[in-house]
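**Q** See coords-v6.txt below, with compact mmCIF, C-alpha atoms.
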# COMPACT_ATOMS: atom_id res chain seq x y z
CA MET A 1 15.03 3.94 -12.42
CA LYS A 2 13.81 3.02 -8.95
CA ILE A 3 14.48 -0.55 -7.83
CA ILE A 4 12.24 -1.58 -4.95
CA TYR A 5 12.92 -4.70 -2.92
CA CYS A 6 9.61 -5.67 -1.35
CA GLY A 7 9.42 -8.02 1.61
CA TYR A 8 6.72 -8.89 4.11
CA ARG A 9 8.87 -6.81 6.47
CA PHE A 10 11.47 -4.43 5.07
CA SER A 11 14.20 -5.40 7.48
CA TYR A 12 14.84 -9.04 6.54
CA ALA A 13 15.29 -10.34 2.96
CA ALA A 14 14.50 -6.97 1.35
CA TYR A 15 17.20 -5.24 3.40
CA LEU A 16 19.64 -8.07 2.79
CA MET A 17 19.14 -8.11 -0.97
CA ALA A 18 19.26 -4.32 -1.25
CA ALA A 19 22.49 -4.32 0.78
CA ILE A 20 23.99 -6.86 -1.63
CA HIS A 21 22.67 -4.89 -4.59
CA THR A 22 24.24 -1.62 -3.47
CA GLY A 23 27.49 -3.26 -2.43
CA LEU A 24 27.00 -2.71 1.29
CA TYR A 25 27.28 -6.51 1.68
CA LYS A 26 29.68 -8.47 -0.52
CA LYS A 27 27.90 -10.79 -2.94
CA ASP A 28 30.24 -13.74 -2.38
CA ARG A 29 30.89 -13.62 1.36
CA LEU A 30 28.87 -13.20 4.52
CA PRO A 31 28.81 -9.73 6.04
CA PRO A 32 30.94 -9.11 9.15
CA ARG A 33 29.45 -9.75 12.57
CA GLU A 34 28.93 -6.04 13.27
CA ALA A 35 26.91 -5.66 10.08
CA VAL A 36 24.74 -8.67 10.99
CA GLU A 37 24.19 -7.21 14.44
CA ARG A 38 23.31 -3.85 12.89
CA GLN A 39 20.67 -5.46 10.70
CA TRP A 40 19.31 -7.42 13.64
CA ASN A 41 18.99 -4.14 15.53
CA VAL A 42 17.03 -2.67 12.62
CA CYS A 43 14.71 -5.71 12.76
CA LYS A 44 14.32 -5.32 16.51
CA LYS A 45 13.58 -1.59 16.46
CA TYR A 46 11.78 -1.02 13.18
CA GLY A 47 10.79 -4.48 11.95
CA GLU A 48 7.09 -3.87 12.46
CA GLN A 49 6.97 -0.67 10.42
CA TYR A 50 5.13 -1.30 7.19
CA GLY A 51 4.67 0.86 4.12
CA ASN A 52 7.74 3.06 4.51
CA LEU A 53 9.71 3.26 1.30
CA ILE A 54 13.29 3.43 2.54
CA TYR A 55 16.17 4.61 0.40
CA MET A 56 19.20 2.29 0.51
CA GLY A 57 21.48 3.99 -1.99
CA LEU A 58 22.53 4.01 -5.63
CA ASP A 59 23.80 1.00 -7.52
CA GLU A 60 26.66 1.01 -10.04
CA ASN A 61 24.27 2.11 -12.81
CA LEU A 62 22.96 5.00 -10.70
CA ASN A 63 19.59 3.34 -10.14
CA GLU A 64 17.96 4.28 -6.84
CA VAL A 65 17.54 1.25 -4.59
CA TYR A 66 14.71 1.17 -2.05
CA ILE A 67 13.24 -1.33 0.39
CA LEU A 68 9.60 -1.68 1.40
CA GLY A 69 7.74 -3.82 3.92
CA CYS A 70 4.39 -4.43 2.31
CA ARG A 71 2.90 -7.37 4.28
CA LYS A 72 0.44 -9.05 1.89
CA PHE A 73 -0.34 -5.93 -0.14
CA PHE A 74 2.43 -6.20 -2.72
CA GLU A 75 0.06 -6.39 -5.70
CA VAL A 76 -2.14 -3.54 -4.43
CA ILE A 77 0.90 -1.32 -3.89
CA LYS A 78 2.19 -2.07 -7.39
CA MET A 79 -1.15 -0.98 -8.86
CA GLU A 80 -1.16 2.12 -6.66
CA TYR A 81 2.32 3.15 -7.77
CA LYS A 82 1.38 2.66 -11.40
CA GLY A 83 -1.74 4.78 -10.86
CA MET A 84 0.20 7.50 -9.02
CA ASN A 85 2.75 7.64 -11.84
CA ASP A 86 -0.09 8.29 -14.29
CA ILE A 87 -1.84 10.85 -12.07
CA PHE A 88 1.22 12.87 -11.09
CA GLY A 89 3.10 12.40 -14.37
CA ILE A 90 6.03 10.57 -12.80
CA ASP A 91 7.96 8.98 -15.64
CA ASP A 92 10.57 7.19 -13.54
CA LYS A 93 10.46 3.44 -14.22
CA ILE A 94 10.01 1.12 -11.22
CA TRP A 95 11.55 -2.33 -10.98
CA TYR A 96 9.93 -4.50 -8.29
CA ILE A 97 11.65 -7.46 -6.69
CA ASP A 98 9.43 -9.65 -4.55
CA CYS A 99 11.55 -10.85 -1.62
CA ARG A 100 8.74 -12.36 0.44
CA PRO A 101 9.63 -15.99 -0.31
CA TRP A 102 13.10 -15.35 1.18
CA ASP A 103 11.66 -13.90 4.39
CA GLY A 104 10.36 -17.35 5.26
CA PHE A 105 8.69 -18.42 8.47
CA LEU A 106 11.85 -17.90 10.52
CA SER A 107 11.75 -14.12 10.11
CA ASN A 108 8.22 -14.24 11.46
CA ILE A 109 9.34 -16.19 14.52
CA ILE A 110 12.31 -13.86 15.09
CA SER A 111 10.04 -10.88 14.84
CA ARG A 112 7.66 -12.30 17.44
CA ILE A 113 10.48 -13.27 19.77
CA ASN A 114 11.82 -9.71 19.58
CA ASN A 115 8.82 -8.58 21.64
CA TYR A 116 10.28 -10.33 24.70
CA SER A 117 13.47 -8.77 26.02
CA TRP A 118 14.48 -11.97 27.86
CA LEU A 119 14.49 -13.84 24.52
CA ARG A 120 16.75 -11.36 22.71
CA GLY A 121 19.74 -13.74 22.80
CA LEU A 122 17.72 -16.44 21.10
CA SER A 123 16.41 -13.91 18.58
CA LYS A 124 19.93 -12.80 17.72
CA GLY A 125 21.10 -16.39 17.28
CA LEU A 126 18.14 -17.26 15.08
CA PHE A 127 18.66 -14.13 13.00
CA SER A 128 22.30 -15.02 12.42
CA PHE A 129 21.28 -18.58 11.47
CA TRP A 130 18.57 -17.27 9.11
CA LEU A 131 20.99 -14.86 7.41
CA LYS A 132 23.68 -17.53 6.90
CA ARG A 133 21.15 -20.01 5.55
CA ILE A 134 19.57 -17.55 3.11
CA TYR A 135 22.59 -15.50 2.04
CA ARG A 136 23.76 -17.38 -1.03
CA SER A 137 20.24 -17.71 -2.40
CA CYS A 138 19.63 -13.98 -1.88
CA SER A 139 22.91 -13.11 -3.56
CA GLU A 140 22.02 -15.27 -6.58
CA LYS A 141 18.59 -13.67 -6.79
CA VAL A 142 20.16 -10.19 -6.77
CA GLN A 143 22.60 -11.16 -9.55
CA ARG A 144 19.74 -12.57 -11.64
CA GLU A 145 17.73 -9.40 -11.17
CA LYS A 146 20.72 -7.24 -12.08
CA GLN A 147 21.13 -9.20 -15.30
CA LYS A 148 17.44 -8.76 -16.09
CA ILE A 149 17.70 -5.03 -15.41
CA MET A 150 20.73 -4.76 -17.67
CA ALA A 151 18.87 -6.67 -20.37
CA GLY A 152 15.93 -4.30 -19.90
CA GLU A 153 13.38 -7.04 -19.33
CA GLY A 154 9.98 -6.22 -17.90
CA CYS A 155 9.27 -6.97 -14.27
CA MET B 1 -4.81 18.97 -5.82
CA LYS B 2 -6.04 15.41 -5.53
CA LEU B 3 -8.47 13.78 -3.13
CA PHE B 4 -8.59 10.00 -2.81
CA TYR B 5 -11.52 8.24 -1.16
CA TYR B 6 -10.50 4.68 -0.40
CA CYS B 7 -12.29 1.60 0.89
CA TYR B 8 -11.94 -2.18 0.72
CA GLY B 9 -12.92 -2.77 -2.89
CA GLY B 10 -13.22 0.73 -4.36
CA ALA B 11 -16.71 -0.09 -5.57
CA HIS B 12 -19.26 1.01 -2.99
CA THR B 13 -18.49 3.22 -0.02
CA SER B 14 -15.68 5.22 -1.64
CA VAL B 15 -17.80 5.67 -4.77
CA THR B 16 -20.75 6.77 -2.63
CA CYS B 17 -18.59 9.37 -0.83
CA ALA B 18 -17.11 10.64 -4.08
CA SER B 19 -20.58 10.89 -5.59
CA ILE B 20 -21.91 12.88 -2.63
CA HIS B 21 -18.82 15.07 -2.84
CA LEU B 22 -19.38 15.79 -6.52
CA GLY B 23 -23.15 16.18 -6.23
CA PHE B 24 -24.05 13.01 -8.13
CA LEU B 25 -25.92 11.93 -5.00
CA PRO B 26 -27.90 14.30 -2.71
CA ASN B 27 -26.63 15.39 0.69
CA ASP B 28 -30.04 16.32 2.15
CA ARG B 29 -31.94 13.04 1.80
CA VAL B 30 -31.36 9.30 1.34
CA PRO B 31 -31.37 8.61 -2.39
CA HIS B 32 -33.66 6.15 -4.14
CA PRO B 33 -31.95 2.81 -5.02
CA ASP B 34 -32.10 3.65 -8.72
CA GLU B 35 -30.03 6.77 -8.09
CA PHE B 36 -27.16 4.60 -6.84
CA LEU B 37 -27.23 2.43 -9.90
CA ALA B 38 -26.97 5.52 -12.11
CA VAL B 39 -23.78 6.61 -10.36
CA PRO B 40 -20.63 6.04 -12.47
CA HIS B 41 -18.30 3.32 -11.11
CA TYR B 42 -20.83 2.09 -8.53
CA ASP B 43 -20.27 -1.68 -8.00
CA LYS B 44 -17.97 -1.77 -11.02
CA MET B 45 -14.38 -2.18 -9.74
CA ASP B 46 -12.93 -5.56 -10.73
CA ASN B 47 -10.83 -7.52 -8.26
CA ASP B 48 -7.78 -7.54 -10.52
CA LYS B 49 -7.87 -3.72 -10.66
CA LEU B 50 -7.69 -3.37 -6.87
CA GLY B 51 -5.29 -0.58 -6.02
CA THR B 52 -5.85 1.41 -9.19
CA PRO B 53 -7.05 4.95 -8.48
CA VAL B 54 -10.08 5.77 -10.63
CA TYR B 55 -10.90 9.36 -11.56
CA VAL B 56 -14.48 10.39 -10.77
CA GLY B 57 -14.55 14.14 -11.38
CA ARG B 58 -13.52 17.64 -10.29
CA ASP B 59 -15.21 19.43 -7.41
CA GLU B 60 -16.09 23.09 -6.85
CA PHE B 61 -12.69 23.75 -5.22
CA GLY B 62 -10.87 22.47 -8.30
CA TRP B 63 -9.77 19.23 -6.60
CA ASP B 64 -9.63 16.05 -8.67
CA ILE B 65 -11.57 13.30 -6.93
CA TYR B 66 -10.50 9.66 -7.16
CA VAL B 67 -11.67 6.39 -5.65
CA MET B 68 -9.58 3.33 -4.93
CA GLY B 69 -9.80 -0.06 -3.25
CA ILE B 70 -6.95 -1.13 -1.00
CA LYS B 71 -8.46 -4.10 0.89
CA ARG B 72 -7.74 -3.70 4.60
CA GLY B 73 -4.30 -2.30 3.90
CA ASN B 74 -4.75 1.33 4.87
CA ARG B 75 -1.97 1.17 7.47
CA VAL B 76 0.44 -0.19 4.85
CA VAL B 77 -0.73 1.09 1.47
CA ILE B 78 -1.35 4.75 2.36
CA PRO B 79 2.10 5.27 3.96
CA ALA B 80 3.60 3.38 0.99
CA ILE B 81 1.93 5.79 -1.44
CA LYS B 82 2.89 8.86 0.56
CA SER B 83 6.51 7.78 0.93
CA TYR B 84 6.70 6.94 -2.76
CA LEU B 85 5.33 10.34 -3.77
CA HIS B 86 7.68 11.99 -1.30
CA ALA B 87 10.61 10.11 -2.90
CA SER B 88 9.39 11.37 -6.26
CA GLY B 89 9.40 14.98 -5.10
CA ILE B 90 5.65 15.45 -4.72
CA SER B 91 4.46 17.39 -1.69
CA ASP B 92 1.93 16.08 0.85
CA ARG B 93 -0.08 19.26 0.42
CA GLU B 94 -1.09 18.25 -3.09
CA MET B 95 -3.21 15.33 -1.91
CA LEU B 96 -5.63 14.10 0.70
CA PHE B 97 -6.53 10.49 1.49
CA VAL B 98 -9.89 9.79 3.09
CA ASN B 99 -10.90 6.44 4.55
CA ALA B 100 -14.44 5.78 3.34
CA LEU B 101 -14.63 2.40 5.05
CA VAL B 102 -16.89 3.61 7.83
CA LYS B 103 -18.91 1.28 10.05
CA LEU B 104 -21.24 -0.55 7.73
CA HIS B 105 -24.16 -2.88 8.06
CA PRO B 106 -22.86 -6.46 7.50
CA ILE B 107 -25.38 -6.81 4.68
CA THR B 108 -23.37 -4.28 2.66
CA SER B 109 -20.23 -6.38 3.01
CA LEU B 110 -22.14 -9.52 2.08
CA GLY B 111 -23.55 -7.76 -0.97
CA GLY B 112 -20.13 -6.44 -2.00
CA PHE B 113 -18.55 -9.86 -1.61
CA SER B 114 -21.32 -11.54 -3.62
CA SER B 115 -21.21 -8.99 -6.40
CA ARG B 116 -17.49 -8.36 -6.79
CA LYS B 117 -15.92 -11.63 -5.65
CA LEU B 118 -18.54 -14.21 -6.59
CA HIS B 119 -19.86 -12.22 -9.57
CA LEU B 120 -23.45 -12.65 -8.33
CA VAL B 121 -24.26 -9.09 -9.36
CA ASN B 122 -28.05 -9.43 -9.40
CA PHE B 123 -28.01 -10.75 -5.85
CA GLY B 124 -25.20 -8.64 -4.39
CA ARG B 125 -25.78 -5.18 -5.86
CA PRO B 126 -29.23 -4.59 -4.30
CA LEU B 127 -27.84 -5.69 -0.94
CA THR B 128 -25.05 -3.12 -1.14
CA VAL B 129 -27.58 -0.42 -1.98
CA TRP B 130 -29.79 -1.47 0.93
CA GLY B 131 -26.86 -1.39 3.35
CA ILE B 132 -25.47 1.91 2.12
CA ARG B 133 -28.87 3.59 2.28
CA ARG B 134 -29.05 2.60 5.96
CA SER B 135 -25.66 4.21 6.67
CA TYR B 136 -26.14 7.11 4.24
CA PRO B 137 -26.11 9.95 6.83
CA VAL B 138 -22.67 8.76 7.97
CA PHE B 139 -21.31 9.24 4.45
CA VAL B 140 -22.92 12.67 4.15
CA GLU B 141 -21.30 13.71 7.44
CA LEU B 142 -17.92 12.35 6.32
CA VAL B 143 -18.05 14.31 3.06
CA ARG B 144 -19.16 17.44 4.91
CA ARG B 145 -16.08 17.21 7.15
CA VAL B 146 -13.81 16.57 4.16
CA LYS B 147 -15.17 19.64 2.38
CA GLU B 148 -14.68 21.67 5.53
CA THR B 149 -11.02 20.56 5.61
CA ILE B 150 -10.53 21.42 1.94
CA SER B 151 -12.18 24.78 2.47
CA LYS B 152 -9.85 25.54 5.40
CA ARG B 153 -6.84 24.62 3.28
CA HIS B 154 -8.01 27.06 0.61
CA ASN B 155 -8.44 29.82 3.17
CA PHE B 156 -4.91 29.29 4.46
CA SER B 157 -3.22 29.17 1.08
Any chance you could give the structure as structure tokens?

**A**
Amino acid sequence: MKIIYCGYRFSYAAYLMAAIHTGLYKKDRLPPREAVERQWNVCKKYGEQYGNLIYMGLDENLNEVYILGCRKFFEVIKMEYKGMNDIFGIDDKIWYIDCRPWDGFLSNIISRINNYSWLRGLSKGLFSFWLKRIYRSCSEKVQREKQKIMAGEGC
Amino acid sequence: MKLFYYCYGGAHTSVTCASIHLGFLPNDRVPHPDEFLAVPHYDKMDNDKLGTPVYVGRDEFGWDIYVMGIKRGNRVVIPAIKSYLHASGISDREMLFVNALVKLHPITSLGGFSSRKLHLVNFGRPLTVWGIRRSYPVFVELVRRVKETISKRHNFS
């Protein structure tokens, strides 16, 4: 099965949740400073790339975990993927997780600030604040989704 | 091999291009309004089906032709489809995506919005036909170039 974490941008909540899902980040404790900085760098360099399905790794049940920045086209992309599965005979199941509510307005501000090199310090600070504020909620969401996947519920 | 014509709603311009491609509409003259209404899928795509590729037919090269509506998301949705298919082991060479949302008369957009979004079909549909007839040569030229590309691909393979 493919599990796709979909955010407005791929590099914020989608990345965070997928990292928790695959065990890259621990579910019960904040990631180390280097890991936070690494994610901030991803946001800075690639945050405005949309529509790239990025492979994050396998989870403990050997499901493939992906992230996708889909702006406001989440529903359209879901329909497209369903259609493509039918057309090309792809029988792999897809589990979508909508992370957009966790991106919040702060990720939007950080992303805009990233355009100005002289505001990078502020951007980094805000990113760290955003991640700390959202982490527990993201972790809980991931655990809920994992339980649903295990129970084989529809998405 | 698959060819996807896409536009905003998957109901008018993409259907027109696919119909020219498959010979349902002529490529040497502007068709009569009734000819549009006889075309399958013209002004039919529902809003809740947006994103679903719809099969229209098979052309003389053996390519399956589809239409789809992706709103204004071509810079997001098309890469998302391609990267998904790539992740599923399907080669780029098996498909072609063509943007059918060429420059249109605003009346066409108004007609499409009235018909598909507001469900004022009797008001909106004739407006779309009027607008598309005005831009018809643009669609014919687009399809001609697409066929040229397909033909080149066949010659290389």

**Q** Find the residues near A:Asn108: any atom within 10 Å, counting all atoms listed in the file, skip ones fewer than 6 places away on the same chain, and give them as number ranges by chain.

**A** A: 8-9, 12, 114

**Q** For the contact check between chain A and chain B, emit one row per residue of chain A within 12 Å, containing the shortest atom pair and the distance in Å rounded to one decimal, counting all atoms listed in the file, chain then rising number order, as a tab-separated table.

**A**
residue	atom	partner	partner_atom	distance
A:Met1	CA	B:Ser88	CA	11.2
A:Lys2	CA	B:Ser88	CA	9.8
A:Ile3	CA	B:Tyr84	CA	11.9
A:Ile4	CA	B:Tyr84	CA	10.4
A:Cys6	CA	B:Ala80	CA	11.1
A:Tyr8	CA	B:Val76	CA	10.8
A:Arg9	CA	B:Val76	CA	10.8
A:Phe10	CA	B:Ala80	CA	11.8
A:Glu48	CA	B:Val76	CA	10.8
A:Gln49	CA	B:Val76	CA	8.6
A:Tyr50	CA	B:Val76	CA	5.4
A:Gly51	CA	B:Ala80	CA	4.2
A:Asn52	CA	B:Ala80	CA	5.4
A:Leu53	CA	B:Ser83	CA	5.6
A:Ile54	CA	B:Ser83	CA	8.2
A:Tyr55	CA	B:Ala87	CA	8.5
A:Glu64	CA	B:Ala87	CA	10.2
A:Val65	CA	B:Ala87	CA	11.4
A:Tyr66	CA	B:Ala87	CA	9.9
A:Ile67	CA	B:Ala80	CA	10.7
A:Leu68	CA	B:Ala80	CA	7.9
A:Gly69	CA	B:Val76	CA	8.2
A:Cys70	CA	B:Val76	CA	6.3
A:Arg71	CA	B:Val76	CA	7.6
A:Lys72	CA	B:Gly73	CA	8.5
A:Phe73	CA	B:Gly73	CA	6.7
A:Phe74	CA	B:Val77	CA	9.0
A:Glu75	CA	B:Gly51	CA	7.9
A:Val76	CA	B:Gly51	CA	4.6
A:Ile77	CA	B:Val77	CA	6.1
A:Lys78	CA	B:Gly51	CA	7.7
A:Met79	CA	B:Gly51	CA	5.0
A:Glu80	CA	B:Gly51	CA	5.0
A:Tyr81	CA	B:Ile81	CA	6.9
A:Lys82	CA	B:Thr52	CA	7.7
A:Gly83	CA	B:Thr52	CA	5.6
A:Met84	CA	B:Pro53	CA	7.7
A:Asn85	CA	B:Leu85	CA	8.9
A:Asp86	CA	B:Pro53	CA	9.7
A:Ile87	CA	B:Pro53	CA	8.7
A:Phe88	CA	B:Ile90	CA	8.2
A:Gly89	CA	B:Ser88	CA	10.3
A:Ile90	CA	B:Ser88	CA	7.4
A:Asp91	CA	B:Ser88	CA	9.8
A:Asp92	CA	B:Ser88	CA	8.5
A:Lys93	CA	B:Ser88	CA	11.3
A:Ile94	CA	B:Tyr84	CA	10.8

**Q** So what do you get for atom CA of B:His41 versus atom CA of B:Ala11, distance-wise?

**A**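 Separation between atom CA of B:His41 and atom CA of B:Ala11: 6.7 Å.
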
**Q** Given all atoms listed in the file as the basis, pick out the residue of A:Asn63, A:Ser128, A:Ser137, A:Ser111 nearest to A:Lys45.

**A**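 That would be A:Ser111, the residue with the smallest distance to A:Lys45.
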
**Q** Quick one: residues within 9 Å of B:Leu3, all atoms listed in the file, excluding same-chain residues fewer than 2 positions away - as a PyMOL selection string?

**A** chain B and resi 1+5+63-67+94-98

**Q** Go through A:Ser139, A:Ser123, A:Gln39, A:Ser117 and flag the residue nearest A:Trp102, using only C-alpha atoms for the distances.

**A**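 Among the listed residues, A:Ser139 lies closest to A:Trp102.
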
**Q** Go ahead and compute the interatomic distance for atom CA of B:His12 and atom CA of B:Asp43, in Å to one decimal.

**A**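 One can read the atom CA of B:His12 to atom CA of B:Asp43 distance as 5.8 Å.
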
**Q** Find the distance between atom CA of B:Arg144 and atom CA of B:Gly111 and write it in Å to one decimal.

**A** 26.2 Å

**Q** Between A:Ile109, A:Ala19, A:Leu24, A:Lys124, which has the minimum distance to A:Glu37 (counting all atoms listed in the file)?

**A** A:Lys124

**Q** Using all atoms listed in the file, find the one residue out of A:Ile149, A:Ile134, A:Leu16, A:Cys43 that sits nearest to A:Arg112.

**A** A:Cys43

**Q** For B:Ile107, find every residue with an atom within 8 Å (counting only C-alpha atoms), except residues of its own chain fewer than 3 positions away, and show them as number ranges by chain.

**A** B: 110-111, 127-128, 130-131
